[in-house]
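A.B. asks: Quick one: the structure is below, questions incoming.
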Amino acid sequence: MASPVKQIKIKYFSDKIEKLKLIDGKSDWIDLRCAEEISLKKGEWKLIPLGVAMELPKGYEAHVVPRSSTFKNFGVIQTNHCGVIDASYCGDGDQWYMPVLAVRDTTIHINDRICQFRIVENQPPVEFIECEHLEGNDRGGFGSTGIS
């Protein structure tokens with residue numbers, strides 16, 4: 001049985017960016033766009049305005065990450081590697097941003113697809129139980145699966 005559709009209230013800060021849409025059958029990630037013209041020199045850091053604020057459903061958060069082509073196309077890396085926007089960041093002034101560091105001189109234009117997001121259900125409550133030994137088999141430690 002399919003889950004019910006989640007409705008998300010959205011406020012746009014710019015009429016120059018395309019409205020958000022889910023691309024059926026291709027991905028359940030939704031592209032976000034740069035809301036202003038940004039020029040960066042190598043080594044500069046900037047919050048890229050994404051032109052939206054949202055009221056996420058209770059019990060959900062958004063995960064914001066670069067698109068696979070972001071580094072190649074724009075020469076920037078997301079400095080927090082995965083942005084987490086919780087449902088409490090939902091006011092009229094709570095525009096979403098992507099913090100980036102430029103590794104080369106670059107320009108990001110208004111409406112360029114710069115990152116993507118998806119909404120994820122919040123983690124359920126957990127309890128940690130301290131023990132001396134774990135029941136699972138060892139895989140060989142961090143990085144043990146090799147390179148090929």
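Quick note on naming: the chains in the structure tokens go A, B, ... in the order shown, residues restart at 1 in each chain, and ligands are numbered from 1 in order of appearance.
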Write out as a PyMOL selection string all residues of stretch 5-147 of chain A that backbone DSSP assigns to helix (DSSP H, G or I).
C.D. replies: chain A and resi 70-74
A.B. asks: Go ahead and save the picked residues with all heavy atoms, as an mmCIF file, in the first residue's frame.
C.D. replies:
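selection_29.cif written:
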data_model
loop_
_atom_site.group_PDB
_atom_site.id
_atom_site.type_symbol
_atom_site.label_atom_id
_atom_site.label_comp_id
_atom_site.auth_asym_id
_atom_site.auth_seq_id
_atom_site.Cartn_x
_atom_site.Cartn_y
_atom_site.Cartn_z
ATOM 1 N N THR A 70 27.756 18.932 -9.697
ATOM 2 C CA THR A 70 28.047 20.247 -9.100
ATOM 3 C C THR A 70 29.537 20.576 -9.105
ATOM 4 O O THR A 70 29.936 21.662 -9.513
ATOM 5 C CB THR A 70 27.478 20.322 -7.662
ATOM 6 O OG1 THR A 70 26.052 20.192 -7.736
ATOM 7 C CG2 THR A 70 27.828 21.635 -6.993
ATOM 8 N N PHE A 71 30.373 19.647 -8.672
ATOM 9 C CA PHE A 71 31.806 19.920 -8.618
ATOM 10 C C PHE A 71 32.372 20.128 -10.021
ATOM 11 O O PHE A 71 33.095 21.100 -10.270
ATOM 12 C CB PHE A 71 32.550 18.792 -7.901
ATOM 13 C CG PHE A 71 34.019 19.058 -7.770
ATOM 14 C CD1 PHE A 71 34.487 19.956 -6.829
ATOM 15 C CD2 PHE A 71 34.931 18.435 -8.601
ATOM 16 C CE1 PHE A 71 35.844 20.228 -6.710
ATOM 17 C CE2 PHE A 71 36.290 18.695 -8.489
ATOM 18 C CZ PHE A 71 36.744 19.599 -7.538
ATOM 19 N N LYS A 72 32.012 19.257 -10.948
ATOM 20 C CA LYS A 72 32.515 19.364 -12.324
ATOM 21 C C LYS A 72 32.070 20.672 -12.975
ATOM 22 O O LYS A 72 32.856 21.365 -13.604
ATOM 23 C CB LYS A 72 32.029 18.166 -13.152
ATOM 24 C CG LYS A 72 32.401 18.214 -14.624
ATOM 25 C CD LYS A 72 31.856 17.038 -15.392
ATOM 26 C CE LYS A 72 30.381 17.086 -15.512
ATOM 27 N NZ LYS A 72 29.745 17.401 -16.726
ATOM 28 N N ASN A 73 30.798 21.023 -12.823
ATOM 29 C CA ASN A 73 30.252 22.197 -13.508
ATOM 30 C C ASN A 73 30.638 23.528 -12.870
ATOM 31 O O ASN A 73 30.795 24.520 -13.571
ATOM 32 C CB ASN A 73 28.726 22.114 -13.588
ATOM 33 C CG ASN A 73 28.258 21.033 -14.522
ATOM 34 O OD1 ASN A 73 29.001 20.546 -15.366
ATOM 35 N ND2 ASN A 73 27.014 20.628 -14.369
ATOM 36 N N PHE A 74 30.744 23.559 -11.544
ATOM 37 C CA PHE A 74 30.924 24.840 -10.852
ATOM 38 C C PHE A 74 32.204 24.946 -10.030
ATOM 39 O O PHE A 74 32.544 26.029 -9.567
ATOM 40 C CB PHE A 74 29.706 25.125 -9.953
ATOM 41 C CG PHE A 74 28.412 25.107 -10.703
ATOM 42 C CD1 PHE A 74 27.524 24.058 -10.545
ATOM 43 C CD2 PHE A 74 28.088 26.116 -11.598
ATOM 44 C CE1 PHE A 74 26.330 24.024 -11.241
ATOM 45 C CE2 PHE A 74 26.896 26.097 -12.296
ATOM 46 C CZ PHE A 74 26.019 25.044 -12.127
#
A.B. asks: Considering only C-alpha atoms, tabulate each residue of stretch 8-114 of chain A that lies at most 12 Å from stretch 119-131 of chain A along with its nearest interatomic pair and the corresponding distance in Å to one decimal; arrange the rows by chain and ascending residue number and present them as a Markdown table.
C.D. replies:
| residue | atom | partner | partner_atom | distance |
| --- | --- | --- | --- | --- |
| A:Ile8 | CA | A:Ile119 | CA | 10.1 |
| A:Asp28 | CA | A:Ile119 | CA | 9.4 |
| A:Trp29 | CA | A:Ile119 | CA | 8.6 |
| A:Ile30 | CA | A:Ile119 | CA | 9.4 |
| A:Met54 | CA | A:Ile119 | CA | 11.2 |
| A:Glu55 | CA | A:Ile119 | CA | 11.4 |
| A:Leu56 | CA | A:Ile119 | CA | 8.1 |
| A:Pro57 | CA | A:Ile119 | CA | 9.2 |
| A:Lys58 | CA | A:Glu121 | CA | 9.0 |
| A:Gly59 | CA | A:Asn122 | CA | 5.4 |
| A:Tyr60 | CA | A:Glu121 | CA | 4.4 |
| A:Glu61 | CA | A:Val120 | CA | 5.5 |
| A:Ala62 | CA | A:Ile119 | CA | 4.3 |
| A:His63 | CA | A:Ile119 | CA | 6.3 |
| A:Val64 | CA | A:Ile119 | CA | 9.0 |
| A:Val65 | CA | A:Ile119 | CA | 11.8 |
| A:Gly83 | CA | A:Ile119 | CA | 11.6 |
| A:Val84 | CA | A:Ile119 | CA | 9.7 |
| A:Ile85 | CA | A:Ile119 | CA | 9.2 |
| A:Asp86 | CA | A:Asn122 | CA | 8.8 |
| A:Ala87 | CA | A:Asn122 | CA | 9.6 |
A.B. asks: Store the residues picked out above in a file with C-alpha atoms, as a CSV table (one decimal), in the first residue's frame.
C.D. replies:
chain,number,residue,atom,x,y,z
A,8,ILE,CA,4.8,20.8,1.9
A,28,ASP,CA,13.1,10.9,-5.8
A,29,TRP,CA,15.6,13.7,-5.2
A,30,ILE,CA,14.4,17.2,-6.0
A,54,MET,CA,9.5,25.3,3.4
A,55,GLU,CA,7.2,24.1,6.1
A,56,LEU,CA,8.1,20.4,6.3
A,57,PRO,CA,5.6,17.8,7.7
A,58,LYS,CA,6.0,17.1,11.4
A,59,GLY,CA,8.4,14.2,12.0
A,60,TYR,CA,10.5,14.9,8.8
A,61,GLU,CA,13.7,16.7,7.8
A,62,ALA,CA,15.3,17.6,4.5
A,63,HIS,CA,18.8,16.4,3.5
A,64,VAL,CA,20.5,18.8,1.1
A,65,VAL,CA,23.5,17.5,-1.0
A,83,GLY,CA,22.9,19.9,5.0
A,84,VAL,CA,20.1,18.8,7.4
A,85,ILE,CA,17.1,21.1,7.6
A,86,ASP,CA,14.7,20.1,10.4
A,87,ALA,CA,11.0,20.9,10.5
A.B. asks: As an exercise, work out the distance from atom CA of A:Asp92 to atom CA of A:Ile108 in Å and give it to one decimal place.
C.D. replies: 25.0 Å
A.B. asks: Would you give me, as a ChimeraX atom specification, the residues in stretch 22-87 of chain A that DSSP reads as strand (DSSP E or B)?
C.D. replies: /A:30-33,38-40,45-49,52-55,60-66,76-78,83-86
A.B. asks: I want to know what sits within 9 Å of A:Thr107, based on only C-alpha atoms, with residues of the same chain fewer than 6 positions away left out; could you give that as a list of chain:residue names?
C.D. replies: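 Everything that qualifies: A:Glu37, A:Ile38, A:Ser39, A:Leu40, A:Lys41, A:Phe74.
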